[in-house]
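This is query13.csv. It holds CSV, C-alpha atoms.
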chain,number,residue,atom,x,y,z
A,3,MET,CA,104.5,107.2,92.8
A,4,THR,CA,102.9,110.5,93.8
A,5,GLU,CA,100.9,110.4,90.6
A,6,GLN,CA,99.4,107.1,91.3
A,7,ALA,CA,96.2,107.3,93.3
A,8,LEU,CA,96.3,105.6,96.7
A,9,ASP,CA,93.5,104.0,98.7
A,10,VAL,CA,94.8,104.6,102.2
A,11,VAL,CA,97.5,106.9,103.6
A,12,VAL,CA,98.4,106.5,107.3
A,13,VAL,CA,100.2,109.3,109.1
A,14,GLY,CA,101.4,107.7,112.3
A,15,SER,CA,103.8,105.6,114.4
A,16,CYS,CA,106.1,102.7,114.0
A,17,MET,CA,107.3,100.8,117.0
A,18,THR,CA,109.6,97.8,117.4
A,19,ASP,CA,108.1,95.5,120.1
A,20,LEU,CA,110.7,93.7,122.2
A,21,VAL,CA,108.7,91.1,124.0
A,22,SER,CA,109.9,88.9,126.9
A,23,GLN,CA,107.7,86.2,128.4
A,24,ALA,CA,108.4,85.3,132.0
A,25,PRO,CA,106.5,83.5,134.8
A,26,ARG,CA,105.9,86.8,136.6
A,27,LEU,CA,106.9,90.5,136.3
A,28,PRO,CA,110.2,91.4,138.1
A,29,LYS,CA,110.3,93.6,141.2
A,30,ALA,CA,112.5,96.7,141.2
A,31,GLY,CA,116.2,95.7,141.2
A,32,GLU,CA,115.4,92.0,140.5
A,33,THR,CA,116.6,89.9,137.6
A,34,ILE,CA,114.4,86.9,136.7
A,35,HIS,CA,114.6,84.3,133.9
A,36,GLY,CA,112.1,84.5,131.1
A,37,HIS,CA,111.3,81.6,128.8
A,38,LYS,CA,110.7,83.3,125.5
A,39,PHE,CA,111.8,86.5,123.7
A,40,PHE,CA,110.7,87.8,120.3
A,41,ILE,CA,110.9,91.0,118.3
A,42,GLY,CA,107.7,92.2,116.6
A,43,PHE,CA,106.6,95.1,114.4
A,44,GLY,CA,104.1,97.4,116.1
A,45,GLY,CA,103.0,101.0,116.5
A,46,LYS,CA,99.4,101.9,115.9
A,47,GLY,CA,99.9,103.7,112.7
A,48,ALA,CA,102.0,101.0,111.0
A,49,ASN,CA,99.6,98.2,112.3
A,50,GLN,CA,96.6,99.9,110.7
A,51,CYS,CA,98.4,100.5,107.5
A,52,ILE,CA,99.6,96.9,107.2
A,53,GLN,CA,96.1,95.5,107.9
A,54,ALA,CA,94.7,97.7,105.1
A,55,ALA,CA,97.5,96.6,102.8
A,56,ARG,CA,96.9,92.9,103.5
A,57,LEU,CA,93.2,93.3,102.5
A,58,GLY,CA,94.3,94.7,99.1
A,59,ALA,CA,94.3,98.5,99.6
A,60,LYS,CA,97.1,100.5,97.9
A,61,THR,CA,98.7,102.1,101.0
A,62,ALA,CA,101.4,104.5,101.9
A,63,MET,CA,102.9,105.2,105.3
A,64,VAL,CA,104.0,108.7,106.4
A,65,CYS,CA,106.3,108.1,109.5
A,66,LYS,CA,109.7,108.5,110.9
A,67,VAL,CA,112.2,105.8,112.1
A,68,GLY,CA,115.8,106.0,113.3
A,69,LYS,CA,118.9,105.4,111.2
A,70,ASP,CA,119.4,102.1,113.0
A,71,PHE,CA,118.9,98.4,112.7
A,72,PHE,CA,115.3,98.6,113.8
A,73,GLY,CA,114.5,101.4,111.3
A,74,ASP,CA,116.1,99.5,108.4
A,75,ASN,CA,114.1,96.4,109.4
A,76,TYR,CA,110.9,98.3,109.6
A,77,ILE,CA,111.2,99.8,106.1
A,78,GLN,CA,111.8,96.3,104.8
A,79,ASN,CA,108.7,95.1,106.7
A,80,PHE,CA,106.6,97.8,104.9
A,81,LYS,CA,108.0,96.7,101.6
A,82,ASP,CA,107.3,93.0,102.3
A,83,ASN,CA,103.7,94.0,103.0
A,84,GLY,CA,103.4,96.1,99.8
A,85,VAL,CA,103.2,99.4,101.6
A,86,ASN,CA,104.7,102.4,99.8
A,87,THR,CA,107.7,103.8,101.7
A,88,ASP,CA,108.3,107.1,99.8
A,89,PHE,CA,107.4,109.0,102.9
A,90,VAL,CA,109.1,106.9,105.6
A,91,GLY,CA,111.9,109.2,106.8
A,92,GLN,CA,115.0,108.0,108.6
A,93,THR,CA,116.7,110.3,111.2
A,94,SER,CA,119.9,110.1,113.1
A,95,ASP,CA,118.5,112.4,115.8
A,96,ALA,CA,116.5,109.7,117.6
A,97,ALA,CA,116.1,105.9,117.7
A,98,THR,CA,113.3,104.0,116.1
A,99,GLY,CA,110.3,103.9,118.5
A,100,ALA,CA,110.5,100.9,120.8
A,101,ALA,CA,108.2,99.2,123.3
A,102,SER,CA,109.8,96.9,125.9
A,103,ILE,CA,107.1,94.5,126.9
A,104,ILE,CA,107.2,91.9,129.7
A,105,VAL,CA,104.3,89.4,129.7
A,106,ASN,CA,103.6,87.1,132.7
A,107,SER,CA,102.0,83.7,132.6
A,108,ALA,CA,98.6,85.1,133.3
A,109,GLY,CA,98.9,87.3,130.2
A,110,GLU,CA,99.3,90.5,132.2
A,111,ASN,CA,102.0,92.9,130.9
A,112,ALA,CA,104.2,95.7,131.9
A,113,ILE,CA,105.2,98.0,129.0
A,114,VAL,CA,107.7,100.8,128.6
A,115,ILE,CA,107.3,102.8,125.4
A,116,VAL,CA,110.0,105.1,124.0
A,117,ALA,CA,108.5,107.1,121.1
A,118,GLY,CA,111.9,108.2,119.7
A,119,ALA,CA,111.8,109.1,116.1
A,120,ASN,CA,108.0,109.1,116.0
A,121,MET,CA,108.0,112.4,117.8
A,122,LEU,CA,110.1,114.1,115.1
A,123,LEU,CA,107.4,113.7,112.4
A,124,GLY,CA,106.1,117.2,111.6
A,125,SER,CA,104.8,119.6,109.0
A,126,GLU,CA,107.8,119.4,106.8
A,127,GLU,CA,107.1,115.7,106.2
A,128,LEU,CA,103.4,116.3,105.7
A,129,HIS,CA,104.1,118.8,103.0
A,130,LYS,CA,106.4,116.4,101.2
A,131,ALA,CA,103.6,113.8,101.3
A,132,LEU,CA,100.9,116.3,100.2
A,133,PRO,CA,100.7,115.1,96.6
A,134,SER,CA,99.9,111.6,97.8
A,135,ILE,CA,97.6,112.8,100.6
A,136,ARG,CA,95.7,114.9,98.1
A,137,GLN,CA,95.1,111.9,95.8
A,138,THR,CA,94.3,109.2,98.4
A,139,LYS,CA,90.7,108.1,99.2
A,140,VAL,CA,91.3,107.8,103.0
A,141,LEU,CA,93.7,109.2,105.5
A,142,ALA,CA,94.0,107.6,109.0
A,143,CYS,CA,95.7,109.1,112.1
A,144,GLN,CA,96.2,108.2,115.8
A,145,LEU,CA,98.0,109.8,118.8
A,146,GLU,CA,101.3,108.0,119.0
A,147,ILE,CA,103.0,110.9,117.2
A,148,ASN,CA,102.9,114.6,118.0
A,149,PRO,CA,99.2,115.3,118.2
A,150,GLN,CA,99.6,118.6,116.3
A,151,THR,CA,101.1,116.6,113.4
A,152,SER,CA,98.0,114.3,113.4
A,153,LEU,CA,95.6,117.2,113.5
A,154,GLN,CA,97.4,119.0,110.7
A,155,ALA,CA,97.3,115.8,108.5
A,156,LEU,CA,93.5,115.4,109.1
A,157,GLN,CA,92.9,119.0,108.3
A,158,MET,CA,95.0,118.8,105.1
A,159,ALA,CA,93.1,115.7,104.0
A,160,GLN,CA,89.7,117.4,104.6
A,161,GLU,CA,90.7,120.5,102.6
A,162,HIS,CA,91.2,118.1,99.7
A,163,LYS,CA,87.9,116.2,100.2
A,164,VAL,CA,89.7,113.1,101.4
A,165,LYS,CA,87.8,111.0,104.0
A,166,THR,CA,89.4,111.0,107.4
A,167,ILE,CA,89.5,108.3,110.1
A,168,PHE,CA,90.8,109.3,113.5
A,169,ASN,CA,91.6,106.9,116.3
A,170,PRO,CA,92.3,108.9,119.5
A,171,ALA,CA,94.7,106.3,120.9
A,172,PRO,CA,96.5,106.3,123.3
A,173,ALA,CA,93.8,108.5,124.7
A,174,VAL,CA,94.4,111.9,126.3
A,175,PRO,CA,91.7,113.6,128.4
A,176,ASP,CA,92.3,117.1,126.9
A,177,LEU,CA,92.0,116.4,123.2
A,178,ASP,CA,92.2,119.5,121.0
A,179,ALA,CA,88.6,120.3,119.9
A,180,GLY,CA,89.8,120.5,116.2
A,181,PHE,CA,90.1,116.7,116.1
A,182,TYR,CA,86.4,116.2,116.4
A,183,THR,CA,85.5,118.5,113.4
A,184,ALA,CA,88.4,117.0,111.4
A,185,SER,CA,87.1,113.4,111.8
A,186,ASP,CA,84.8,111.9,109.2
A,187,VAL,CA,84.9,108.7,111.2
A,188,PHE,CA,86.0,109.0,114.9
A,189,CYS,CA,86.8,105.5,116.1
A,190,CYS,CA,87.6,104.8,119.7
A,191,ASN,CA,87.3,101.9,122.2
A,192,GLU,CA,85.5,101.9,125.6
A,193,SER,CA,88.3,103.3,127.6
A,194,GLU,CA,89.1,106.1,125.1
A,195,ALA,CA,85.4,107.0,124.9
A,196,GLU,CA,85.3,107.1,128.7
A,197,LEU,CA,88.3,109.3,129.1
A,198,LEU,CA,87.2,111.7,126.4
A,199,THR,CA,83.5,112.1,127.5
A,200,GLY,CA,83.7,111.4,131.2
A,201,PHE,CA,80.9,108.8,130.8
A,202,SER,CA,81.5,105.3,132.1
A,203,VAL,CA,81.4,103.0,129.1
A,204,VAL,CA,80.8,99.3,129.7
A,205,ASP,CA,77.9,98.3,127.5
A,206,VAL,CA,76.0,99.2,124.3
A,207,GLU,CA,73.8,101.7,126.1
A,208,ASP,CA,76.8,103.6,127.5
A,209,ALA,CA,78.6,103.5,124.2
A,210,HIS,CA,75.5,105.1,122.6
A,211,ARG,CA,75.5,107.9,125.1
A,212,ALA,CA,79.3,108.6,124.7
A,213,GLY,CA,78.9,108.5,121.0
A,214,GLN,CA,76.2,111.1,121.1
A,215,GLU,CA,78.5,113.4,123.0
A,216,LEU,CA,81.3,112.9,120.5
A,217,LEU,CA,78.9,113.7,117.6
A,218,ARG,CA,77.8,116.8,119.5
A,219,ARG,CA,81.5,117.9,119.5
A,220,GLY,CA,81.5,117.9,115.7
A,221,CYS,CA,82.5,114.4,114.4
A,222,ARG,CA,80.7,113.4,111.2
A,223,SER,CA,80.3,109.8,112.5
A,224,VAL,CA,81.4,107.8,115.5
A,225,ILE,CA,82.3,104.2,116.1
A,226,VAL,CA,82.8,103.0,119.7
A,227,THR,CA,84.3,99.5,119.7
A,228,LEU,CA,83.4,97.2,122.6
A,229,GLY,CA,85.7,94.1,122.1
A,230,PRO,CA,83.6,90.9,122.2
A,231,GLN,CA,80.4,93.0,122.3
A,232,GLY,CA,81.1,94.3,118.8
A,233,CYS,CA,80.7,98.1,118.2
A,234,VAL,CA,78.2,100.9,118.2
A,235,VAL,CA,77.9,103.1,115.0
A,236,LEU,CA,76.4,106.6,115.2
A,237,GLU,CA,76.0,108.7,112.0
A,238,ASP,CA,74.1,111.7,113.0
A,239,LYS,CA,72.5,113.1,116.1
A,240,GLU,CA,69.0,112.4,114.9
A,241,SER,CA,69.2,108.8,113.8
A,242,ALA,CA,69.4,105.9,116.3
A,243,SER,CA,72.8,104.4,117.0
A,244,LYS,CA,73.3,101.0,115.6
A,245,HIS,CA,74.8,98.1,117.6
A,246,VAL,CA,76.8,95.8,115.4
A,247,PRO,CA,77.4,92.6,117.3
A,248,THR,CA,80.3,90.3,116.5
A,249,THR,CA,80.6,86.6,116.2
A,250,ALA,CA,82.1,85.0,119.3
A,251,VAL,CA,85.6,83.6,118.8
A,252,THR,CA,88.2,82.0,121.1
A,253,ALA,CA,90.8,84.7,121.6
A,254,VAL,CA,94.4,83.7,121.8
A,255,ASP,CA,95.9,87.2,121.8
A,256,THR,CA,94.0,90.4,121.5
A,257,THR,CA,97.0,92.7,121.0
A,258,GLY,CA,96.5,94.9,118.0
A,259,ALA,CA,92.9,93.9,117.4
A,260,GLY,CA,91.7,97.5,117.5
A,261,ASP,CA,94.3,98.4,114.9
A,262,SER,CA,93.2,95.5,112.7
A,263,PHE,CA,89.6,96.8,112.9
A,264,ILE,CA,90.7,100.3,111.9
A,265,GLY,CA,92.9,99.1,109.1
A,266,ALA,CA,90.0,97.0,107.7
A,267,LEU,CA,87.6,100.0,108.2
A,268,ALA,CA,90.0,102.2,106.1
A,269,PHE,CA,90.1,99.5,103.4
A,270,TYR,CA,86.2,99.5,103.2
A,271,VAL,CA,85.8,103.3,103.3
A,272,ALA,CA,88.3,103.5,100.4
A,273,ARG,CA,87.1,100.6,98.3
A,274,CYS,CA,83.4,100.5,99.0
A,275,PRO,CA,82.4,104.2,99.5
A,276,THR,CA,78.7,103.6,99.0
A,277,MET,CA,78.5,100.7,101.6
A,278,PRO,CA,76.6,101.7,104.8
A,279,LEU,CA,79.1,102.5,107.7
A,280,GLU,CA,77.4,99.8,109.9
A,281,GLU,CA,78.1,97.2,107.2
A,282,MET,CA,81.8,98.3,107.0
A,283,ALA,CA,82.0,98.0,110.7
A,284,ARG,CA,80.4,94.5,110.6
A,285,ARG,CA,83.1,93.4,108.2
A,286,ALA,CA,85.9,95.1,110.0
A,287,ASN,CA,84.7,93.3,113.2
A,288,GLN,CA,85.1,90.0,111.3
A,289,VAL,CA,88.7,90.8,110.2
A,290,ALA,CA,89.7,91.8,113.7
A,291,GLY,CA,88.0,88.6,115.0
A,292,VAL,CA,90.4,86.6,112.9
A,293,SER,CA,93.4,88.6,114.2
A,294,VAL,CA,92.7,87.7,117.9
A,295,GLN,CA,92.8,84.0,117.1
A,296,ALA,CA,96.6,84.1,116.5
A,297,ALA,CA,99.5,85.3,118.5
A,298,GLY,CA,101.4,88.6,118.0
A,299,THR,CA,100.3,91.9,116.5
A,300,GLN,CA,101.0,92.1,112.8
A,301,THR,CA,101.8,88.4,112.6
A,302,SER,CA,98.1,87.8,113.4
A,303,TYR,CA,96.7,90.1,110.7
A,304,PRO,CA,94.9,88.1,108.0
A,305,HIS,CA,95.5,88.5,104.3
A,306,ARG,CA,92.7,88.8,101.8
A,307,LYS,CA,93.2,85.2,100.7
A,308,ASP,CA,92.7,83.9,104.2
A,309,LEU,CA,89.3,85.5,104.6
A,310,PRO,CA,85.8,84.5,103.3
A,311,ALA,CA,85.1,85.8,99.8
A,312,ASP,CA,81.8,87.4,101.0
A,313,LEU,CA,83.8,90.0,103.0
A,314,PHE,CA,84.9,91.4,99.6
Represent the structure of the file as structure tokens.
Amino acid sequence: MTEQALDVVVVGSCMTDLVSQAPRLPKAGETIHGHKFFIGFGGKGANQCIQAARLGAKTAMVCKVGKDFFGDNYIQNFKDNGVNTDFVGQTSDAATGAASIIVNSAGENAIVIVAGANMLLGSEELHKALPSIRQTKVLACQLEINPQTSLQALQMAQEHKVKTIFNPAPAVPDLDAGFYTASDVFCCNESEAELLTGFSVVDVEDAHRAGQELLRRGCRSVIVTLGPQGCVVLEDKESASKHVPTTAVTAVDTTGAGDSFIGALAFYVARCPTMPLEEMARRANQVAGVSVQAAGTQTSYPHRKDLPADLF
């Protein structure tokens, strides 16, 4: 496998989502009856990888799961989606990452995340994956694993002239400065942009200002996603930022839409390297727009066959 060139390698997290739907969130010490329970596959890294794979990218995931029922299931989930699992490690030192999610009837949620095995992914695993990282077209990272592991992966990719996409999520206010210079595409949402730059980000104008600040810190290009307002793309300090609006859709469940966007973006960066970044963002918006029209995270991610041919 290591000899076969890949389109997208994702170094990141896998989480098993344990979702309970109830009329309201319970108070401390209280037991209430819910009406629906389901187990879903999540984790920002895995979500992004699976969306890229469903669009037709050759993908591999570098991650760590537990030697447990959830870990075995997750590996099978990758295989079912055509994701290469050579670098999915299993450990008996921690459980597979899990998120316990309670959703009330108004759609509000309370979430407890236990990162578990995700935090044990380190340089040793990156070095094992280096032959594939070297040969891939795009490497994507987030912050649901040890941040130093993400930074090291991005820097390894850049040393080998591999395009990097970095998604600083979940956001931290004191991000290592190395992340900016290691990002060919730095892609964040409004709240992440706000936390990183200190600027309030509610509209296109604000996103432009925050994006300029991120470029100043050394990113090659920046995309700030704005949900239903689309996104803003900035490629260098001199040229104007471009607002890429999105088509209005009726959202059923926006969970994982940001990951769908980044997975789609990784697909386009890998497969259409000469396409302007704003066109890639426009198409990624459309893919994410399809994902919000169905329930669940990965269950809502479209396959290539479900999408209009003009996206490819």
Item to check | Separation of atom CA of Arg306 of chain A from atom CA of Gln53 of chain A, in Å and rounded to one decimal | outcome: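 If I compute the distance from atom CA of Arg306 of chain A to atom CA of Gln53 of chain A, I get 9.7 Å.
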Checklist entry - Using all atoms listed in the file, which of the listed residues (A:Ala311, A:Ala253, A:Ala24, A:Ala286) sits closest to Gly232 of chain A? => result A:Ala286
Checklist entry - So how far away is atom CA of Asn287 of chain A from atom CA of Tyr270 of chain A, in Å? => result 11.9 Å
Checklist entry - Which residues come within 12 Å of Asn83 of chain A, counting all atoms listed in the file, excluding same-chain residues fewer than 3 positions away, as a list in words? => result Phe43, Ala48, Asn49, Cys51, Ile52, Gln53, Ala54, Ala55, Arg56, Leu57, Gly58, Ala59, Lys60, Thr61, Ala62, Met63, Tyr76, Ile77, Gln78, Asn79, Phe80, Asn86, Thr87, Gln300, Thr301, Tyr303, Pro304 and His305 of chain A
Do you know which residues are at most 8 Å from Ala117 of chain A counting all atoms listed in the file, after dropping those on the same chain fewer than 6 positions away, and could you put them as a short mmCIF file (atom, residue, chain, number, x, y, z; two decimals) with C-alpha atoms, keeping the file's coordinate frame?
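So part-v9.cif came out as:
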data_model
loop_
_atom_site.label_atom_id
_atom_site.label_comp_id
_atom_site.auth_asym_id
_atom_site.auth_seq_id
_atom_site.Cartn_x
_atom_site.Cartn_y
_atom_site.Cartn_z
CA MET A 17 107.30 100.80 117.00
CA THR A 98 113.30 104.00 116.10
CA GLY A 99 110.30 103.90 118.50
CA ALA A 100 110.50 100.90 120.80
CA GLU A 146 101.30 108.00 119.00
CA ILE A 147 103.00 110.90 117.20
#
Next on the checklist: Within 8 Å of (113.6, 104.3, 111.3) (file coordinates; all atoms listed in the file), which protein or nucleic acid residues are there? I'd like them as a PyMOL selection string.
Outcome noted: chain A and resi 66-70+72-74+76-77+90-93+97-99+119
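Considering only C-alpha atoms, the residue among A:Lys130, A:Gly260, A:Thr33, A:Glu215 positioned nearest to Pro172 of chain A is A:Gly260.
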Checklist outcome for this item: Correct to one decimal, the distance atom CA of Thr18 of chain A-atom CA of Ser94 of chain A is 16.6 Å
Spatial neighbours of Val292 of chain A, max dist 10 Å, only C-alpha atoms, sep filter under 3 positions, as a PDB file with C-alpha atoms, keeping the file's coordinate frame:
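Full text of out_4.pdb as output:
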ATOM      1  CA  VAL A 251      85.600  83.600 118.800  1.00  0.00           C
ATOM      2  CA  THR A 252      88.200  82.000 121.100  1.00  0.00           C
ATOM      3  CA  ALA A 253      90.800  84.700 121.600  1.00  0.00           C
ATOM      4  CA  ALA A 259      92.900  93.900 117.400  1.00  0.00           C
ATOM      5  CA  SER A 262      93.200  95.500 112.700  1.00  0.00           C
ATOM      6  CA  ASN A 287      84.700  93.300 113.200  1.00  0.00           C
ATOM      7  CA  GLN A 288      85.100  90.000 111.300  1.00  0.00           C
ATOM      8  CA  VAL A 289      88.700  90.800 110.200  1.00  0.00           C
ATOM      9  CA  GLN A 295      92.800  84.000 117.100  1.00  0.00           C
ATOM     10  CA  ALA A 296      96.600  84.100 116.500  1.00  0.00           C
ATOM     11  CA  SER A 302      98.100  87.800 113.400  1.00  0.00           C
ATOM     12  CA  TYR A 303      96.700  90.100 110.700  1.00  0.00           C
ATOM     13  CA  PRO A 304      94.900  88.100 108.000  1.00  0.00           C
ATOM     14  CA  ASP A 308      92.700  83.900 104.200  1.00  0.00           C
ATOM     15  CA  LEU A 309      89.300  85.500 104.600  1.00  0.00           C
TER      16      LEU A 309
END
Next on the checklist: Give me, as a VMD selection string, all polymer residues having an atom no more than 9 Å from segment 174-189 of chain A, counting all atoms listed in the file and skipping those fewer than 6 positions away in the same chain.
Outcome noted: chain A and resid 145 149 to 150 152 to 153 156 to 157 159 to 160 165 to 168 197 to 200 216 to 217 219 to 227 237 264
